[in-house]
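What follows is a single structure, written as structure tokens, with notes after it.
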Amino acid sequence: RETISMEAKQVEPRSLSVDHESLKDTKKRKGGWITFPFLAVAILGLGLATSGATANLVVYLIKEYNVPSVDAAQISNIISGSISVAPVAGAIVADAFFGCFPIVAVAMVMAVLSLVVFTLTASLPGLRPAACQLGAGPCEKASTGQMAALYAAVFLLCLSAAGARFNQATMGANQFEAAADRDVFFNWYFIFFYASTVLGATVIVYVQDTVSWTLGFGVSCAASVVGLAALLLGARHYRQPPAQGSPFTGLARVVVAAARKRKVSVVASEELKFYYGLRSGDHVVTPSDSFR
């Protein structure tokens, strides 16, 4: 009994110390599901802001800027296409140079600025042409400065979509080590993304049509501010891996190298070859002859 009690005394402090150290490691560890609420609010806020600003843009151009319906539809299509394609460039920049969090944070700041400008165009009469009067002749066209203010808001919104839309998903996936957790996060990402899009295209559009454009854009602006605040509040919990590089930068280097060597003639296999490759000391690692 004395031997067993002595062994118990020796084992007990050791198990307590191990538990204490594991608790310390848990506190220091970043990432995991603690980041999910912050990212969820950021996704919802950006989705509401973007959808609320673009879903009813054709009507806004026709009613408030006296743009012909065909031209308004073309402008809206160009904006929608730009917002859809721009995230590819944002993902490349994040992967190759800065990482996801800085790009997403800057993009959400641009979303706030964009919605502020949209709200100003709706609230300040000087930023819009005079309303059309039935039987009073042709409608007044928007001036260059008025259209420049509107296009500035659209440009900032495109930059916001470029930096945040895809990178929010990648940033969220980086918070988890297990593939199962990443799968669950991606499911929630698409749920929040499409839910916010639907809410923006219905609720906010309803406010714009029935109450006022100023309130509709103001709600979108408030959503972007809340999303930005949530993103920044969770910054201390995020895992921020450094940029790993993008395959598109390698493709760009190939294009640049091919352009620089466009006048170089292909020589015989036994002669000197021109290529860009890895170096091991003074020895150049020779690539294969395929696609030389």
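Chains: A, B, ... in order of the structure tokens. Residues: from 1 per chain. Ligands: from 1, in order shown.
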
Next on the checklist: I'd like to know which residues of stretch 40-228 of chain A are helix (DSSP H, G or I) (by DSSP, run on the backbone); could you write them as an MDAnalysis selection string?
Outcome noted: chainID A and resid 40:54 57:65 69:98 100:123 125:127 144:173 179:210 213:228

Tell me, counting only C-alpha atoms, for each residue of stretch 94-157 of chain A within 12 Å of stretch 31-50 of chain A, which pair of atoms is nearest and how far apart they are in Å to one decimal, in rows ordered by chain and increasing number, as a tab-separated table.
residue	atom	partner	partner_atom	distance
A:Phe101	CA	A:Leu39	CA	10.9
A:Val104	CA	A:Ala42	CA	9.7
A:Ala105	CA	A:Ala42	CA	9.8
A:Ala107	CA	A:Leu46	CA	9.6
A:Met108	CA	A:Leu46	CA	7.2
A:Val109	CA	A:Leu46	CA	10.3
A:Met110	CA	A:Leu46	CA	10.6
A:Ala111	CA	A:Leu46	CA	7.4
A:Val112	CA	A:Ala49	CA	8.4
A:Leu113	CA	A:Ala49	CA	11.1
A:Ser114	CA	A:Ala49	CA	9.4
A:Leu115	CA	A:Ala49	CA	7.3
A:Val116	CA	A:Ala49	CA	10.8
A:Phe118	CA	A:Ala49	CA	10.8
A:Thr119	CA	A:Ala49	CA	11.6
A:Ala153	CA	A:Thr50	CA	11.3
A:Val154	CA	A:Thr50	CA	10.0
A:Leu156	CA	A:Thr50	CA	10.8
A:Leu157	CA	A:Thr50	CA	7.2

Would you save the residues from that selection as a short mmCIF file (atom, residue, chain, number, x, y, z; two decimals), in the first residue's frame, using N, CA and C atoms?
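Written output follows (result-v3.cif):
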data_model
loop_
_atom_site.label_atom_id
_atom_site.label_comp_id
_atom_site.auth_asym_id
_atom_site.auth_seq_id
_atom_site.Cartn_x
_atom_site.Cartn_y
_atom_site.Cartn_z
N PHE A 101 -5.70 37.65 -45.43
CA PHE A 101 -6.28 38.60 -44.48
C PHE A 101 -6.05 40.06 -44.87
N VAL A 104 -8.38 40.87 -47.84
CA VAL A 104 -9.79 40.91 -47.47
C VAL A 104 -10.11 42.17 -46.66
N ALA A 105 -9.22 42.54 -45.73
CA ALA A 105 -9.46 43.72 -44.91
C ALA A 105 -9.51 44.99 -45.77
N ALA A 107 -10.15 45.14 -48.95
CA ALA A 107 -11.31 45.05 -49.82
C ALA A 107 -12.60 45.47 -49.10
N MET A 108 -12.73 45.08 -47.84
CA MET A 108 -13.94 45.45 -47.11
C MET A 108 -13.94 46.94 -46.76
N VAL A 109 -12.78 47.54 -46.58
CA VAL A 109 -12.72 48.99 -46.43
C VAL A 109 -13.21 49.67 -47.71
N MET A 110 -12.82 49.14 -48.85
CA MET A 110 -13.27 49.70 -50.13
C MET A 110 -14.78 49.52 -50.29
N ALA A 111 -15.33 48.43 -49.78
CA ALA A 111 -16.78 48.24 -49.84
C ALA A 111 -17.50 49.31 -49.04
N VAL A 112 -16.96 49.64 -47.86
CA VAL A 112 -17.56 50.71 -47.06
C VAL A 112 -17.50 52.03 -47.81
N LEU A 113 -16.34 52.35 -48.39
CA LEU A 113 -16.21 53.60 -49.14
C LEU A 113 -17.16 53.63 -50.33
N SER A 114 -17.28 52.50 -51.02
CA SER A 114 -18.19 52.44 -52.16
C SER A 114 -19.62 52.72 -51.75
N LEU A 115 -20.08 52.09 -50.68
CA LEU A 115 -21.48 52.31 -50.25
C LEU A 115 -21.69 53.71 -49.70
N VAL A 116 -20.65 54.32 -49.13
CA VAL A 116 -20.77 55.71 -48.71
C VAL A 116 -21.01 56.60 -49.92
N PHE A 118 -22.24 55.65 -52.86
CA PHE A 118 -23.59 55.35 -53.37
C PHE A 118 -24.65 56.10 -52.56
N THR A 119 -24.50 56.09 -51.24
CA THR A 119 -25.47 56.78 -50.39
C THR A 119 -25.46 58.28 -50.65
N ALA A 153 -18.00 54.95 -57.30
CA ALA A 153 -18.61 53.99 -56.36
C ALA A 153 -18.60 52.59 -56.94
N VAL A 154 -18.91 52.47 -58.23
CA VAL A 154 -18.91 51.16 -58.87
C VAL A 154 -17.50 50.58 -58.91
N LEU A 156 -14.97 51.15 -56.86
CA LEU A 156 -14.60 50.70 -55.52
C LEU A 156 -15.30 49.38 -55.17
N LEU A 157 -16.53 49.22 -55.62
CA LEU A 157 -17.25 47.98 -55.36
C LEU A 157 -16.62 46.81 -56.11
#

Checklist entry - Which one of A:Ser212, A:Ala72, A:Lys261, A:Gly172 sits closest to A:His237 if you count only C-alpha atoms? => result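 Of A:Ser212, A:Ala72, A:Lys261, A:Gly172, the one nearest A:His237 is A:Gly172, counting only C-alpha atoms.
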
Kindly assemble as JSON lines a list of the stretch 75-95 of chain A residues that lie within 8 Å of stretch 158-167 of chain A, each paired with its nearest atom pair and their distance in Å to one decimal, using only C-alpha atoms, sorted first by chain and then by ascending residue number.
{"residue": "A:Ile79", "atom": "CA", "partner": "A:Cys158", "partner_atom": "CA", "distance": 7.8}
{"residue": "A:Ser82", "atom": "CA", "partner": "A:Cys158", "partner_atom": "CA", "distance": 6.6}
{"residue": "A:Ile83", "atom": "CA", "partner": "A:Cys158", "partner_atom": "CA", "distance": 5.2}
{"residue": "A:Ser84", "atom": "CA", "partner": "A:Ala161", "partner_atom": "CA", "distance": 7.9}
{"residue": "A:Val85", "atom": "CA", "partner": "A:Ala162", "partner_atom": "CA", "distance": 7.8}
{"residue": "A:Ala86", "atom": "CA", "partner": "A:Ala162", "partner_atom": "CA", "distance": 4.5}
{"residue": "A:Pro87", "atom": "CA", "partner": "A:Ala162", "partner_atom": "CA", "distance": 3.7}
{"residue": "A:Val88", "atom": "CA", "partner": "A:Ala162", "partner_atom": "CA", "distance": 6.9}
{"residue": "A:Ala89", "atom": "CA", "partner": "A:Ala162", "partner_atom": "CA", "distance": 6.5}
{"residue": "A:Gly90", "atom": "CA", "partner": "A:Gly163", "partner_atom": "CA", "distance": 4.6}
{"residue": "A:Ala91", "atom": "CA", "partner": "A:Asn167", "partner_atom": "CA", "distance": 6.0}
{"residue": "A:Ala94", "atom": "CA", "partner": "A:Asn167", "partner_atom": "CA", "distance": 7.5}

Checklist entry - Can you list, as a PyMOL selection string, every protein, DNA or RNA residue that comes within 9 Å of A:Ala122 when you count only C-alpha atoms, leaving out same-chain residues fewer than 2 positions away? => result chain A and resi 64+117-120+124-125+127-128+212-215+217

Just write the chosen residues, C-alpha atoms, as a compact mmCIF listing (two decimals), in the first residue's frame.
# COMPACT_ATOMS: atom_id res chain seq x y z
CA GLU A 64 -32.33 58.83 -60.97
CA VAL A 117 -20.44 57.17 -52.21
CA PHE A 118 -23.59 55.35 -53.37
CA THR A 119 -25.47 56.78 -50.39
CA LEU A 120 -24.20 60.28 -51.16
CA LEU A 124 -27.31 64.84 -52.42
CA PRO A 125 -29.30 66.39 -55.30
CA LEU A 127 -24.80 64.43 -57.57
CA ARG A 128 -27.81 63.56 -59.76
CA SER A 212 -36.06 55.71 -50.55
CA TRP A 213 -32.82 55.08 -52.36
CA THR A 214 -30.93 56.80 -49.57
CA LEU A 215 -32.22 54.39 -46.94
CA PHE A 217 -27.99 52.30 -49.86

Checklist entry - How far is it from atom CA of A:Gln146 to atom CA of A:Asp209, in Å with one decimal? => result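 Interatomic distance, atom CA of A:Gln146 to atom CA of A:Asp209: 21.6 Å.
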
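Of the listed residues (A:Val255, A:Ala53, A:Val93, A:Ile191), A:Ala53 comes nearest to A:Leu150; the distances count only C-alpha atoms.
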
Checklist entry - Looking at only C-alpha atoms, which of A:Ser143, A:Asn77, A:Ser196, A:Asn56 is the one that sits closest to A:Ala223? => result A:Ser196

Next on the checklist: Please list as a PyMOL selection string every residue within 10 Å of A:Lys63, counting only C-alpha atoms and excluding residues in the same chain fewer than 5 positions away.
Outcome noted: chain A and resi 57-58+68-69+131-132

Saved selection, atoms kept: C-alpha atoms, as a PDB file, in the first residue's frame:
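The result, stored in part_20.pdb:
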ATOM      1  CA  LEU A  57     -28.787  49.305 -60.394  1.00  0.00           C
ATOM      2  CA  VAL A  58     -30.662  49.316 -63.719  1.00  0.00           C
ATOM      3  CA  PRO A  68     -31.985  55.139 -71.437  1.00  0.00           C
ATOM      4  CA  SER A  69     -33.121  51.627 -70.551  1.00  0.00           C
ATOM      5  CA  ALA A 131     -35.837  64.478 -62.300  1.00  0.00           C
ATOM      6  CA  CYS A 132     -37.778  64.082 -65.530  1.00  0.00           C
TER       7      CYS A 132
END

Checklist entry - From the set A:Pro102, A:Pro247, A:Gly227, A:Gly216, which residue has the shortest atom-to-atom contact distance to A:Ala55, counting only C-alpha atoms? => result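 For A:Ala55, the nearest of the given residues is A:Gly216.
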